[in-house]
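Note sheet for the following structure.
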Amino acid sequence: MNKIAILDKEFEIFIPYEKIRSVVEDMAEKMNRDLDGKNPLFLCILNGSFMFAAEIFKRISLLDAEISFLKLASYSGTSTTGSIKQLIGLNESLAGRTIVVLEDIVDTGITIENTIEQIKAHNPAEVKIATLLLKPDALQRDVQLDYVGIEIPNEFIVGYGLDYNGRGRNLIDIFKVVNN
């Protein structure tokens with residue numbers, strides 16, 4: 001499946017699952033070294049990062065690691081709205097913990113900046129950010145990213161948890177829009 005159609009757009013294969021899996025394995029290996037002895041809480045940003053979070057977390061060998069979820073929304077169609085809606089919030093105590101935010105993609109940086117501010121209000125020991133994808137050309141905020149999987153150009157993508165109006169999240173590969 002090299003090309004697909006979702007709603008009114010056509011997409012072509014961009015990043016195959018084999019590449020994603022390899023990047024995730026490397027990131028998890030580094031996290032296991034960096035987070036040893038820190039009792040980390042992994043915080044998955046829903047909906048987009050659920051596949052990435054599952055892949056990372058099943059490779060984390062730290063027995064004291066936990067995972068939780070924060071649901072945010074910032075996209076409408078193929079572009080960011082510039083505002084963040086928190087739909088599901090934090091239930092765990094973050095005070096004194098190492099928090100690892102798992103994000104599917106950082107493009108403008110607005111969502112991750114807002115997320116970091118929310119987390120820091122809970123007095124964690126430290127906040128680390130892991131993103132599968134980074135669009136450096138779209139970045140509008142100066143955010144510290146601790147783990148970056150793949151840098152990509154500023155193109156609209158779907159698959160591996162990322163969607164176009166709610167569709168395409170179930171694709172195992174990542175596709176980019178053709179003739180946007």
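To be explicit about the labels: the chains of the structure tokens are called A, B, and onward in the order shown, and within each one the residues are counted from 1, while ligands get numbers from 1 in the order they are shown.
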Selection: 8 Å around A:Ile116, only C-alpha atoms, excl. self and same-chain fewer than 4 positions, as a list in words:
Ile112, Lys120 and Val127 of chain A
Selection near A:Leu62, 10 Å with only C-alpha atoms, sequence-local residues under 2 positions removed, as a PDB file with C-alpha atoms, in the first residue's frame:
ATOM      1  CA  MET A  31      15.700   6.171  28.100  1.00  0.00           C
ATOM      2  CA  ASN A  32      16.475   2.979  30.022  1.00  0.00           C
ATOM      3  CA  ARG A  33      20.023   4.252  30.598  1.00  0.00           C
ATOM      4  CA  LEU A  35      16.131   7.089  33.689  1.00  0.00           C
ATOM      5  CA  ASP A  36      17.622   4.264  35.744  1.00  0.00           C
ATOM      6  CA  GLY A  37      16.854   4.873  39.438  1.00  0.00           C
ATOM      7  CA  LYS A  38      14.499   7.827  38.775  1.00  0.00           C
ATOM      8  CA  ASN A  39      10.978   6.297  39.215  1.00  0.00           C
ATOM      9  CA  PRO A  40       9.731   7.846  35.948  1.00  0.00           C
ATOM     10  CA  PHE A  57       6.656   1.639  27.095  1.00  0.00           C
ATOM     11  CA  ARG A  59      10.576  -1.577  25.702  1.00  0.00           C
ATOM     12  CA  ILE A  60      11.178   0.204  29.023  1.00  0.00           C
ATOM     13  CA  ASP A  64       9.394   1.301  38.741  1.00  0.00           C
ATOM     14  CA  ALA A  65       8.198   3.054  35.564  1.00  0.00           C
ATOM     15  CA  GLU A  66       4.528   4.043  35.292  1.00  0.00           C
TER      16      GLU A  66
END
Residues at most 8 Å from A:Glu155, counting only C-alpha atoms, excluding those fewer than 2 positions away in the same chain, as a ChimeraX atom specification?
/A:152-153,157,176-177
N, CA and C atoms of the current selection, written as a JSON list (two decimals), in the first residue's frame:
[["chain", "number", "residue", "atom", "x", "y", "z"],
["A", 152, "ILE", "N", 11.48, 15.73, 10.27],
["A", 152, "ILE", "CA", 10.80, 15.65, 8.98],
["A", 152, "ILE", "C", 10.53, 17.07, 8.46],
["A", 153, "PRO", "N", 10.30, 17.20, 7.16],
["A", 153, "PRO", "CA", 9.93, 18.51, 6.61],
["A", 153, "PRO", "C", 8.52, 18.89, 7.05],
["A", 157, "ILE", "N", 1.07, 14.81, 7.65],
["A", 157, "ILE", "CA", 1.24, 13.36, 7.66],
["A", 157, "ILE", "C", 0.11, 12.70, 8.44],
["A", 176, "LYS", "N", 2.52, 10.81, 3.86],
["A", 176, "LYS", "CA", 2.46, 12.27, 3.71],
["A", 176, "LYS", "C", 1.46, 12.61, 2.61],
["A", 177, "VAL", "N", 0.87, 13.79, 2.75],
["A", 177, "VAL", "CA", -0.13, 14.23, 1.80],
["A", 177, "VAL", "C", 0.53, 14.48, 0.43]]
In Å and to one decimal, atom CA of A:Gly149 is distant from atom CA of A:Asp104 by 9.6 Å
One decimal place gives the atom CA of A:Ile105-atom CA of A:Gly166 separation as 15.8 Å
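Within the 10 Å cut-off around A:Asp26, using only C-alpha atoms and omitting residues fewer than 3 positions from it on the same chain, the listed residues are A:Arg21, A:Ser22, A:Val23, A:Glu29, A:Lys30, A:Met31, A:Ile56, A:Arg59, A:Tyr147, A:Gly149.
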Could the residues in this selection be saved with N, CA and C atoms as a PDB file, in the first residue's frame?
ATOM      1  N   ARG A  21      10.023   1.489  14.018  1.00  0.00           N
ATOM      2  CA  ARG A  21      10.374   0.514  15.045  1.00  0.00           C
ATOM      3  C   ARG A  21      11.834   0.648  15.461  1.00  0.00           C
ATOM      4  N   SER A  22      12.715   0.809  14.503  1.00  0.00           N
ATOM      5  CA  SER A  22      14.138   0.955  14.785  1.00  0.00           C
ATOM      6  C   SER A  22      14.426   2.211  15.605  1.00  0.00           C
ATOM      7  N   VAL A  23      13.787   3.316  15.236  1.00  0.00           N
ATOM      8  CA  VAL A  23      13.959   4.577  15.962  1.00  0.00           C
ATOM      9  C   VAL A  23      13.434   4.448  17.390  1.00  0.00           C
ATOM     10  N   GLU A  29      16.108   2.418  24.441  1.00  0.00           N
ATOM     11  CA  GLU A  29      17.400   2.006  24.994  1.00  0.00           C
ATOM     12  C   GLU A  29      18.071   3.180  25.722  1.00  0.00           C
ATOM     13  N   LYS A  30      18.035   4.354  25.099  1.00  0.00           N
ATOM     14  CA  LYS A  30      18.614   5.553  25.708  1.00  0.00           C
ATOM     15  C   LYS A  30      17.836   5.941  26.971  1.00  0.00           C
ATOM     16  N   MET A  31      16.518   5.858  26.925  1.00  0.00           N
ATOM     17  CA  MET A  31      15.700   6.171  28.100  1.00  0.00           C
ATOM     18  C   MET A  31      16.006   5.227  29.250  1.00  0.00           C
ATOM     19  N   ILE A  56       7.122   2.473  22.916  1.00  0.00           N
ATOM     20  CA  ILE A  56       8.192   2.857  23.845  1.00  0.00           C
ATOM     21  C   ILE A  56       8.048   2.095  25.157  1.00  0.00           C
ATOM     22  N   ARG A  59       9.130  -1.387  25.776  1.00  0.00           N
ATOM     23  CA  ARG A  59      10.576  -1.577  25.702  1.00  0.00           C
ATOM     24  C   ARG A  59      11.311  -0.967  26.906  1.00  0.00           C
ATOM     25  N   TYR A 147      14.477  13.640  23.637  1.00  0.00           N
ATOM     26  CA  TYR A 147      14.547  12.471  22.770  1.00  0.00           C
ATOM     27  C   TYR A 147      13.758  12.789  21.506  1.00  0.00           C
ATOM     28  N   GLY A 149      12.982  11.336  17.660  1.00  0.00           N
ATOM     29  CA  GLY A 149      13.121  10.177  16.790  1.00  0.00           C
ATOM     30  C   GLY A 149      13.562  10.551  15.386  1.00  0.00           C
TER      31      GLY A 149
END
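Every protein or nucleic acid residue with an atom no more than 10 Å from A:Leu90, counting only C-alpha atoms and leaving out same-chain residues fewer than 6 positions away, appears here: A:Leu43, A:Ser68, A:Phe69, A:Leu70, A:Lys71, A:Gln118, A:Ile119, A:His122.
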If you run DSSP on the backbone, which residues of stretch 36-76 of chain A are strand (DSSP E or B), as a list in words?
Leu41, Phe42, Leu43, Cys44, Ile45, Leu46, Glu66, Ile67, Ser68, Phe69, Leu70, Lys71, Leu72, Ala73, Ser74, Tyr75 and Ser76 of chain A
Please report the interatomic distance between atom CA of A:Gln144 and atom CA of A:Asn123 in Å with one decimal.
17.7 Å
Excluding stretch 130-141 of chain A and any residue of its chain fewer than 2 positions from it, enumerate the residues within 9 Å of it, using only C-alpha atoms, and give them as a compact mmCIF listing (two decimals) with C-alpha atoms, in the first residue's frame.
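This went into around_33.txt:
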# COMPACT_ATOMS: atom_id res chain seq x y z
CA ILE A 20 9.72 3.70 13.08
CA VAL A 23 13.96 4.58 15.96
CA VAL A 24 11.68 3.64 18.88
CA MET A 27 15.00 5.85 21.96
CA SER A 49 0.87 9.40 20.62
CA PHE A 52 4.31 5.62 20.01
CA VAL A 100 8.67 11.82 30.51
CA VAL A 101 6.18 13.33 28.08
CA LEU A 102 5.55 11.07 25.08
CA GLU A 103 4.43 13.10 22.07
CA ASP A 104 3.79 11.88 18.53
CA ILE A 105 4.94 15.07 16.80
CA VAL A 106 6.28 18.49 17.68
CA ASP A 107 5.62 21.01 14.95
CA THR A 108 4.90 24.56 16.17
CA GLY A 109 5.87 23.63 19.75
CA ILE A 110 2.76 25.32 21.16
CA GLU A 113 5.16 24.25 25.62
CA LYS A 128 11.84 15.21 29.80
CA VAL A 143 11.39 24.01 23.69
CA LEU A 145 13.42 18.12 23.47
CA ASP A 146 15.34 15.31 25.16
CA TYR A 147 14.55 12.47 22.77
CA VAL A 148 13.80 13.11 19.09
CA GLY A 149 13.12 10.18 16.79
CA ILE A 150 12.96 11.59 13.25
CA GLU A 151 13.16 15.13 11.90
CA ILE A 152 10.80 15.65 8.98
CA PRO A 153 9.93 18.51 6.61
CA ASN A 154 6.87 20.66 7.24
CA GLU A 155 4.38 18.36 5.49
Please provide the set of residues having any atom within 8 Å of A:Tyr17, restricted to only C-alpha atoms, with same-chain residues fewer than 4 positions apart removed, written as a PyMOL selection string.
chain A and resi 21+172-174
Write a file of the selected residues as a compact mmCIF listing (two decimals), in the first residue's frame, keeping N, CA and C atoms.
# COMPACT_ATOMS: atom_id res chain seq x y z
N ARG A 21 10.02 1.49 14.02
CA ARG A 21 10.37 0.51 15.05
C ARG A 21 11.83 0.65 15.46
N ILE A 172 -0.10 1.55 10.14
CA ILE A 172 1.15 1.22 10.82
C ILE A 172 2.33 2.04 10.27
N ASP A 173 2.25 2.45 9.02
CA ASP A 173 3.27 3.30 8.41
C ASP A 173 2.81 4.75 8.52
N ILE A 174 3.72 5.68 8.25
CA ILE A 174 3.38 7.10 8.21
C ILE A 174 3.34 7.52 6.74
